[in-house]
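A quick write-up on the structure given underneath.
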Amino acid sequence: MSLFLSSTYASGLPDLVSLVAVTPFAEPKLLAYSAETAALLQIPAEFFQQADAADYLSGKKLFEGSKPIAQKYAGHQFGQYNPQLGDGRGLLLGDVKGTDGKNYDLHLKGAGRTPYSRFGDGRAVLRSSIREFLASEAMYHLGIPSSRALSLVGSTEPVQRETMEQGAMVIRVCPSHIRFGHFEHCFYTGDKNQLQRLVDFTLQQHFPECLNADNPTLAMLQQIVISTAELISQWQAVGFNHGVMNTDNMSILGLSFDYGPYAFLDDYQPGYICNHSDHSGKYAFDEQPGIGLWNLNALAHALSPLIEVEDLRTALGLYEPTLVSHYMALMGKKLGLTTQQPTDRALIGQWLALLQQQKQDYTLSFRRLADFSDDAQGSSLRDHMLDIAAFDQWASLYRARLAQENTSAAERKTQMNGVNPLYILRNYLAQQAIAAAEQGDTAPLHELMQVLQHPYQYQPGKEAFATPPPDWGKAMTISCSS
């Protein structure tokens, strides 16, 4: 294999890593890979047909230049600071330049124990690995910033979780694996020199445009605040619940990251909790905007030795207006609005309240709304409502608002279908793919992957992927365990 990996992070910050050998599977088996991600990394398609492809993609054999390391970081988990974190089951294999000129980390999840595993076995299971693989690619194709997934490798190795499961590994790909928790580790250990070196490295590698600012660290923080606000506004608009917004799961690049007990909303429930370990609802869907700001405050606190307090406050002050303006723009587009009016916030709020009261599917309701007509019937969505009168009342306001637009109904439908997905990664669809894969059948996984690569485009014969879930698959809660 001709792929050559560099060790940019380990070379730049050797005191924040541990060299760790991969604990390989005896008989790794390639179950799936992303052809798009492979092309980005300049990995030829022929590689995946090699007999030893699974060996390379599970760390049994190393790509040339690879020196696997585990990163050290800390973080706030459910609001409580935990200094004993780090890559407990994943290893950074190295980085490679992509076709877009950017460097990308290759991170192998499920690679075995590290110095940061605590009491864990360092493994990942097939269930969680499939969920990570699917979510990474699904979010990317929705247009939401995300880590990518290169490959999914299975094994016959048993791994104990709530039950005995099958071990698996995923290679996660993104420009950086630096988290808010990296800066927290340096701050809480009191090593200002180490903190400064981490900041300098991060600026050089990921925020070079900030280097000429009066205070490059402040300029970097401002960009992180803005990208985080924009990311969470996208989560809220598409109906995505991350489930574990600990600061060690927050990317400095504003990427959706560390997919665990996530969920896309089925019926619109703003207080929906997808993580069955989140007993207080701290990371519920409607809590995500506030948690984003809380996490940024934790990051700002960690950077306080390098930035004046008033400057920190000013930077954090960018969060709410950025999130609100970005969210309102996204929601306006989802309603087919090309202009912004003072009444839009109320119209959107009433629409969401209607969906909640009527127990309507969040994704499909927006999709059906694209068929809204100027006659009294409104749209096919009307037929799905439990309270027709309530819908008609809102529809009259919506119709009046559309009259202020200069687009035709056909133009509006095309625009709305371009921002309102028809296909999302519902938890029950992921579970069906997992159940089949656990029995040795990966065909449902591959089919689902193909559907999710074109979420906005109607796909003949794939109607089953664009329907509300069965009763057993609604509002599923997912385990954190991997």
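Just so we're on the same page: first chain in the structure tokens is A, next is B, and so on; residues restart at 1 for each chain, and ligands are numbered from 1 in the order they show up.
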
* To do: Extract, using only C-alpha atoms, all DNA, RNA and protein residues at most 8 Å from region 330-341 of chain A, discarding same-chain residues fewer than 6 positions from it, and format them as a list of chain:residue names.
  =>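 Result of the neighbour search: A:Gln234, A:Ala237, A:Ile348, A:Phe366, A:Leu369, A:Ala370, A:Leu402, A:Glu405, A:Arg412, A:Lys413, A:Gln415, A:Met416, A:Val419, A:Asn420.
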
* Within 10 Å of Ala443 (chain A), counting only C-alpha atoms, which residues qualify if same-chain residues fewer than 4 places away don't, as a list in words? -> Leu31, Ala32, Ala433, Ala436, Ala437, Glu447, Leu448 and Met449 of chain A

Resulting file, chosen residues, C-alpha atoms, as a PDB file, in the first residue's frame:
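And here's out01.pdb as it stands now:
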```pdb
ATOM      1  CA  LEU A  31     -17.461  -4.807   6.072  1.00  0.00           C
ATOM      2  CA  ALA A  32     -17.819  -1.413   4.409  1.00  0.00           C
ATOM      3  CA  ALA A 433     -28.771  -2.565   9.560  1.00  0.00           C
ATOM      4  CA  ALA A 436     -28.536  -7.834   9.920  1.00  0.00           C
ATOM      5  CA  ALA A 437     -24.779  -7.195  10.114  1.00  0.00           C
ATOM      6  CA  GLU A 447     -28.259  -0.033   0.935  1.00  0.00           C
ATOM      7  CA  LEU A 448     -28.849   2.410   3.787  1.00  0.00           C
ATOM      8  CA  MET A 449     -25.458   3.989   3.175  1.00  0.00           C
TER       9      MET A 449
END
```

* To do: Find the spatial neighbours of region 473-477 of chain A, counting only C-alpha atoms, within a cut-off of 12 Å - ignore same-chain residues fewer than 5 positions away - and output them as a ChimeraX atom specification.
  => /A:241-243,260-279,281,284,359,361,426-432,467-468

For those residues, write C-alpha atoms to a file as a PDB file, in the first residue's frame.
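As written to disk, result-v2.pdb reads:
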```pdb
ATOM      1  CA  ASN A 241     -29.720  15.353  18.893  1.00  0.00           C
ATOM      2  CA  HIS A 242     -26.054  14.613  19.663  1.00  0.00           C
ATOM      3  CA  GLY A 243     -26.713  13.082  23.059  1.00  0.00           C
ATOM      4  CA  GLY A 260     -22.583   7.853  20.262  1.00  0.00           C
ATOM      5  CA  PRO A 261     -26.218   7.856  21.415  1.00  0.00           C
ATOM      6  CA  TYR A 262     -27.344  10.361  18.768  1.00  0.00           C
ATOM      7  CA  ALA A 263     -30.769  10.578  17.138  1.00  0.00           C
ATOM      8  CA  PHE A 264     -32.673  12.444  14.489  1.00  0.00           C
ATOM      9  CA  LEU A 265     -36.101  13.491  15.713  1.00  0.00           C
ATOM     10  CA  ASP A 266     -39.093  11.415  14.671  1.00  0.00           C
ATOM     11  CA  ASP A 267     -42.164  13.188  16.072  1.00  0.00           C
ATOM     12  CA  TYR A 268     -41.233  16.737  16.969  1.00  0.00           C
ATOM     13  CA  GLN A 269     -40.456  16.651  20.688  1.00  0.00           C
ATOM     14  CA  PRO A 270     -38.235  19.599  21.645  1.00  0.00           C
ATOM     15  CA  GLY A 271     -37.392  17.993  24.992  1.00  0.00           C
ATOM     16  CA  TYR A 272     -36.400  14.683  23.414  1.00  0.00           C
ATOM     17  CA  ILE A 273     -33.563  12.787  25.178  1.00  0.00           C
ATOM     18  CA  CYS A 274     -31.812  10.187  23.029  1.00  0.00           C
ATOM     19  CA  ASN A 275     -29.207   9.057  25.587  1.00  0.00           C
ATOM     20  CA  HIS A 276     -30.659   6.630  28.103  1.00  0.00           C
ATOM     21  CA  SER A 277     -27.881   7.562  30.551  1.00  0.00           C
ATOM     22  CA  ASP A 278     -28.949  11.229  30.527  1.00  0.00           C
ATOM     23  CA  HIS A 279     -31.402  10.965  33.388  1.00  0.00           C
ATOM     24  CA  GLY A 281     -32.072  15.634  30.264  1.00  0.00           C
ATOM     25  CA  ALA A 284     -31.862  16.951  25.429  1.00  0.00           C
ATOM     26  CA  LYS A 359     -47.349  14.813  17.144  1.00  0.00           C
ATOM     27  CA  ASP A 361     -42.906  13.826  12.113  1.00  0.00           C
ATOM     28  CA  ARG A 426     -33.455   7.286  11.828  1.00  0.00           C
ATOM     29  CA  ASN A 427     -32.392   5.119  14.731  1.00  0.00           C
ATOM     30  CA  TYR A 428     -34.653   2.268  13.750  1.00  0.00           C
ATOM     31  CA  LEU A 429     -33.085   2.142  10.277  1.00  0.00           C
ATOM     32  CA  ALA A 430     -29.634   1.992  11.842  1.00  0.00           C
ATOM     33  CA  GLN A 431     -30.819  -0.740  14.189  1.00  0.00           C
ATOM     34  CA  GLN A 432     -32.129  -2.841  11.314  1.00  0.00           C
ATOM     35  CA  THR A 467     -41.663   6.837   6.170  1.00  0.00           C
ATOM     36  CA  PRO A 468     -42.248   7.386   9.887  1.00  0.00           C
TER      37      PRO A 468
END
```

* Could you state the separation of CA of Gln49 (chain A) and CA of Leu91 (chain A) in Å, given to one decimal place? -> 24.4 Å

* **Spatial neighbours of Gln196 (chain A), max dist 9 Å, only C-alpha atoms, sep filter under 5 positions, as a PyMOL selection string** => chain A and resi 186+191+201+306
